Amino acid sequence: MPKTKNHFMEVEEKQTRSISEIVSIVEALVFVSDDPVTVKIIADVLEEDRETVEAAVEELKQEYETREGGLQLREIAGGWQLVTRTEYHEEIRKFLKTRPSAKLSLAALETLAVIAYKQPVTVPEILDIRGVQSASAIKTLLDKKLITAKGRKETVGRPMMYGTSKDFLLQFGLKDLSELPSIEDFEDLVQGM
Amino acid sequence: MPKTKNHFMEVEEKQTRSISEIVSIVEALVFVSDDPVTVKIIADVLEEDRETVEAAVEELKQEYETREGGLQLREIAGGWQLVTRTEYHEEIRKFLKTRPSAKLSLAALETLAVIAYKQPVTVPEILDIRGVQSASAIKTLLDKKLITAKGRKETVGRPMMYGTSKDFLLQFGLKDLSELPSIEDFEDLVQGM
Amino acid sequence: MEQTEQLSFDFYKETAQITRESRDELKLHLGEFNGPLDLLLYLIKQEQANIFDIPIAKITDEYLKYIRLMKHLDISVAGDFLVMAATLIEIKSKMLLPQEISEKEEEEMEDPREALVRQLLEHQKFKNAAQMLYERTTVEQAVFPRGKIESDENNAETNASVFDLLGVFQKILARHVEEVQMEIEREEISLADMLKSLKKRIFENKELSLLAFFEEMHTRRELVTAFIAVLEIVRTESVQLMQTTTFGDIILKKV
């Protein structure tokens, strides 16, 4: 529809976006971005001029204000960002709390993997394998009762040893520790059964 | 604005959200959630009944469709999710500087098709249908979390059974497994080889 | 210069992937996808034959011709092809047998090709299903979820299964090996850095096993640096060397 005349150059073809199309693209870009997006970046990506993009952003902002929906477009730190409206913060907070808590962070998961496969294992040994401090991950795992202390190791400093708990078996659907897939199993799978 | 009369009870206060308010809250919740949100969760958080929330979701979906902006509300993997419209994928990709993510190999896709339609299914059964070893394809699918192990089959060798995961639904834009076209639908094509 | 011309696989046409190597050698590259069933479907199509009435002698000959081309194959893949070759030869010979129909068996006589045809049809169905998935994923790749927002940070969590656990563990091991290699390859650790880390270890744990500390070193150079660092720290800091038994481990202890 925007192609009203013949274009001789590729570049010119790109200029034929309607303003409402540009508004839509701005919305999509702001939505997918992790950080606030500047007009300049959008203009560069779309190869549109700054004024056009500024007008589009302004229109989008107006649209969100008129709609009075759950979201708003706001300018922050020199860029644009989609956020929820402040009115609904209570519901949002409540919702965010309901998210399943059985999930583990990657750090915790890594630490758990080391403990599961190397148990009983001490904190310095875990540090050695993971290459990073695991104190907070270990605390999380203890809190979630996925691991338990298994006495002290008779070595310098008598560090505490850790192993997996019964809850660990339950949560990962294992009858016992022997049901943990072995690394060799995995290799077999790769090589063909 | 919705507070037109005096309320004597806390509980009643919660019931006085207007439908447009609920629509807005649904939008905010869907936006903040990092996974598709079910009507049930929203209903629980808002302490509204399911039907009300369903109507609100439907209205929001209509609104997005009418607006024809950069975003769409869609049902996927049993929940609702905000995503960009397909039209603007080139601009978004350029903005995110991502190339289309590596597509699955044909071997992996074929193996995935067998698993999707025959689940739970074992490696020997997959071999039977595909006529080739599928070990590396299965490993790829496990790595990409498109399939998961579903326990062992009580037969000779107790082979592992596999089925599709929630990520599978997400990646292929399916509400649930019943949305897969039936395998018989593909039969007609056979004759036309 | 070896130039490899690759004719890529076309999803919509069933052409086997052919890699042209140097020295006029044509090699059929049979990836996992183009298994024996695919090759058969391909040959049947080439011959414009009816899948329900496969000219088995002709197709078998063609099939074996291809098999002969496959010299440098992955053994497990080649195995699948050889199994199919055997099946084809068996069917072919059965069909060549004079049709001695005993009265008893007459009703049960089955076309020797039947099982194969069933398998081919089943396979073709799933190939079509794979194509459907391919189309779906293409659409899905044009759709993007929102970027990270603040509430995600408080909840940077992943779901876990036993396989995740194993996968993660393997990655840690791989990373570990990599780090050790990198340490060997990169410039040796400086005395200052060695001192710093040694100090940190002693002050955090109050004491440190000298043996354990030395065992962490990956090269002779590092070991020497570590040794100098220990001497230095005993000289300049309030740290003592202690040995509990005559040949026992030496402990670095904060005074």
# chains A, B, ... in the order shown; residues from 1 in each chain; ligands from 1
call {"tool": "calpha_fit_rmsd", "arguments": {"fixed": "chain B", "moving": "chain A"}}
result
17.8 Å
call {"tool": "interface_residues", "arguments": {"of": "chain B", "to": "chain A", "cutoff": "6 Å", "atoms": "only C-alpha atoms", "output": "MDAnalysis selection string"}}
result
chainID B and resid 24:25 27:28 45 69:70 84 95 135:136
call {"tool": "write_last_selection", "arguments": {"atoms": "all heavy atoms", "output": "compact mmCIF listing (two decimals), in the first residue's frame"}}
result
# COMPACT_ATOMS: atom_id res chain seq x y z
N SER B 24 -6.87 -4.68 32.36
CA SER B 24 -5.57 -4.01 32.55
C SER B 24 -4.64 -4.83 33.44
O SER B 24 -3.45 -4.95 33.17
CB SER B 24 -5.78 -2.64 33.19
OG SER B 24 -6.51 -1.82 32.32
N ILE B 25 -5.20 -5.39 34.51
CA ILE B 25 -4.35 -6.18 35.41
C ILE B 25 -3.86 -7.43 34.69
O ILE B 25 -2.69 -7.81 34.82
CB ILE B 25 -5.12 -6.54 36.70
CG1 ILE B 25 -5.49 -5.26 37.44
CG2 ILE B 25 -4.26 -7.42 37.60
CD1 ILE B 25 -6.39 -5.48 38.64
N GLU B 27 -3.26 -7.73 31.60
CA GLU B 27 -2.18 -7.29 30.72
C GLU B 27 -0.88 -7.13 31.51
O GLU B 27 0.19 -7.60 31.09
CB GLU B 27 -2.55 -5.97 30.05
CG GLU B 27 -1.55 -5.54 28.99
CD GLU B 27 -1.97 -4.24 28.30
OE1 GLU B 27 -2.63 -3.40 28.96
OE2 GLU B 27 -1.65 -4.08 27.11
N ALA B 28 -0.98 -6.50 32.67
CA ALA B 28 0.22 -6.28 33.49
C ALA B 28 0.82 -7.61 33.94
O ALA B 28 2.04 -7.81 33.88
CB ALA B 28 -0.14 -5.42 34.70
N VAL B 45 -4.86 -15.16 41.89
CA VAL B 45 -4.21 -13.95 42.40
C VAL B 45 -5.23 -12.84 42.63
O VAL B 45 -5.21 -12.15 43.64
CB VAL B 45 -3.10 -13.47 41.43
CG1 VAL B 45 -2.62 -12.08 41.81
CG2 VAL B 45 -1.93 -14.45 41.44
N GLY B 69 -0.81 -3.37 16.58
CA GLY B 69 0.44 -2.72 16.97
C GLY B 69 1.61 -3.65 16.74
O GLY B 69 1.60 -4.47 15.82
N GLY B 70 2.62 -3.53 17.59
CA GLY B 70 3.80 -4.36 17.43
C GLY B 70 3.70 -5.67 18.19
O GLY B 70 4.55 -6.54 18.04
N THR B 84 5.93 -10.40 20.11
CA THR B 84 5.85 -9.48 18.98
C THR B 84 5.09 -10.12 17.83
O THR B 84 4.94 -11.34 17.76
CB THR B 84 7.26 -9.11 18.48
OG1 THR B 84 7.92 -10.32 18.09
CG2 THR B 84 8.07 -8.44 19.58
N PHE B 95 17.77 -5.32 15.27
CA PHE B 95 17.94 -4.61 16.54
C PHE B 95 18.67 -5.48 17.56
O PHE B 95 19.61 -5.04 18.22
CB PHE B 95 16.58 -4.19 17.07
CG PHE B 95 16.62 -3.63 18.47
CD1 PHE B 95 17.15 -2.37 18.73
CD2 PHE B 95 16.13 -4.37 19.53
CE1 PHE B 95 17.18 -1.87 20.01
CE2 PHE B 95 16.16 -3.88 20.82
CZ PHE B 95 16.70 -2.63 21.06
N ALA B 135 20.70 -41.62 17.92
CA ALA B 135 21.31 -41.23 19.20
C ALA B 135 21.71 -39.75 19.24
O ALA B 135 21.38 -39.04 20.18
CB ALA B 135 22.51 -42.11 19.49
N SER B 136 22.39 -39.28 18.22
CA SER B 136 22.87 -37.90 18.32
C SER B 136 21.71 -36.93 18.19
O SER B 136 21.71 -35.86 18.80
CB SER B 136 23.97 -37.64 17.30
OG SER B 136 23.40 -37.29 16.06
call {"tool": "interface_residues", "arguments": {"of": "chain A", "to": "chain C", "cutoff": "7 Å", "atoms": "only C-alpha atoms", "output": "ChimeraX atom specification"}}
result
/A:31-34,103-106,109-110,113-114,129-130,156,172,180
call {"tool": "write_last_selection", "arguments": {"atoms": "N, CA and C atoms", "output": "mmCIF file, in the first residue's frame"}}
result
data_model
loop_
_atom_site.group_PDB
_atom_site.id
_atom_site.type_symbol
_atom_site.label_atom_id
_atom_site.label_comp_id
_atom_site.auth_asym_id
_atom_site.auth_seq_id
_atom_site.Cartn_x
_atom_site.Cartn_y
_atom_site.Cartn_z
ATOM 1 N N PHE A 31 9.707 -3.474 23.426
ATOM 2 C CA PHE A 31 9.253 -4.677 24.130
ATOM 3 C C PHE A 31 10.352 -5.725 24.243
ATOM 4 N N VAL A 32 11.087 -5.971 23.146
ATOM 5 C CA VAL A 32 12.091 -7.038 23.184
ATOM 6 C C VAL A 32 13.396 -6.619 23.854
ATOM 7 N N SER A 33 13.585 -5.313 24.015
ATOM 8 C CA SER A 33 14.859 -4.854 24.550
ATOM 9 C C SER A 33 14.977 -5.093 26.057
ATOM 10 N N ASP A 34 16.181 -5.461 26.489
ATOM 11 C CA ASP A 34 16.432 -5.634 27.921
ATOM 12 C C ASP A 34 16.575 -4.286 28.624
ATOM 13 N N LYS A 103 12.104 -23.909 41.827
ATOM 14 C CA LYS A 103 13.154 -23.710 40.838
ATOM 15 C C LYS A 103 14.479 -23.381 41.507
ATOM 16 N N LEU A 104 15.543 -23.709 40.828
ATOM 17 C CA LEU A 104 16.872 -23.448 41.361
ATOM 18 C C LEU A 104 17.632 -22.529 40.427
ATOM 19 N N SER A 105 18.459 -21.684 40.997
ATOM 20 C CA SER A 105 19.312 -20.861 40.150
ATOM 21 C C SER A 105 20.378 -21.758 39.532
ATOM 22 N N LEU A 106 21.011 -21.260 38.486
ATOM 23 C CA LEU A 106 22.034 -22.064 37.824
ATOM 24 C C LEU A 106 23.180 -22.374 38.782
ATOM 25 N N LEU A 109 22.069 -25.073 41.004
ATOM 26 C CA LEU A 109 21.975 -26.311 40.241
ATOM 27 C C LEU A 109 23.361 -26.921 40.029
ATOM 28 N N GLU A 110 24.313 -26.055 39.701
ATOM 29 C CA GLU A 110 25.680 -26.526 39.499
ATOM 30 C C GLU A 110 26.247 -27.130 40.777
ATOM 31 N N ALA A 113 24.704 -30.389 41.433
ATOM 32 C CA ALA A 113 25.243 -31.431 40.557
ATOM 33 C C ALA A 113 26.562 -31.965 41.114
ATOM 34 N N VAL A 114 27.419 -31.043 41.545
ATOM 35 C CA VAL A 114 28.710 -31.461 42.098
ATOM 36 C C VAL A 114 28.492 -32.319 43.346
ATOM 37 N N ILE A 129 36.126 -27.673 42.048
ATOM 38 C CA ILE A 129 35.489 -28.173 40.835
ATOM 39 C C ILE A 129 34.770 -27.058 40.083
ATOM 40 N N ARG A 130 34.020 -26.236 40.821
ATOM 41 C CA ARG A 130 33.234 -25.200 40.147
ATOM 42 C C ARG A 130 34.066 -23.978 39.789
ATOM 43 N N VAL A 156 42.801 -30.949 57.120
ATOM 44 C CA VAL A 156 43.073 -29.608 57.619
ATOM 45 C C VAL A 156 41.782 -28.797 57.695
ATOM 46 N N PHE A 172 13.733 -35.080 42.375
ATOM 47 C CA PHE A 172 14.241 -35.436 41.053
ATOM 48 C C PHE A 172 13.726 -36.795 40.591
ATOM 49 N N LEU A 180 20.722 -42.156 39.445
ATOM 50 C CA LEU A 180 21.281 -40.987 38.757
ATOM 51 C C LEU A 180 21.929 -41.469 37.468
#
call {"tool": "residues_around", "arguments": {"residues": "stretch 159-164 of chain B", "least_positions_apart": "4", "cutoff": "6 Å", "atoms": "only C-alpha atoms", "output": "list in words"}}
result
Ile115, Ala116, Gln119, Pro120, Val121, Thr122, Leu146, Ile147, Thr148, Ala149, Lys150, Gly151, Arg152 and Lys153 of chain B
call {"tool": "atom_distance", "arguments": {"atom1": "atom CA of B:Ala137", "atom2": "atom CA of B:Ala108"}}
result
4.6 Å
call {"tool": "residues_around", "arguments": {"residues": "A:Ile76", "least_positions_apart": "3", "cutoff": "10 Å", "atoms": "only C-alpha atoms", "output": "list in words"}}
result
Asp35, Pro36, Val37, Thr38, Leu73, Gly79, Trp80 and Gln81 of chain A
call {"tool": "atom_distance", "arguments": {"atom1": "atom CA of C:Arg118", "atom2": "atom CA of C:Leu40"}}
result
12.9 Å
call {"tool": "select_by_dssp", "arguments": {"residues": "stretch 4-184 of chain B", "states": "helix (DSSP H, G or I)", "output": "ChimeraX atom specification"}}
result
/B:10-14,19-32,39-46,50-67,86-96,106-118,123-130,135-143,166-171,177-179,183-184
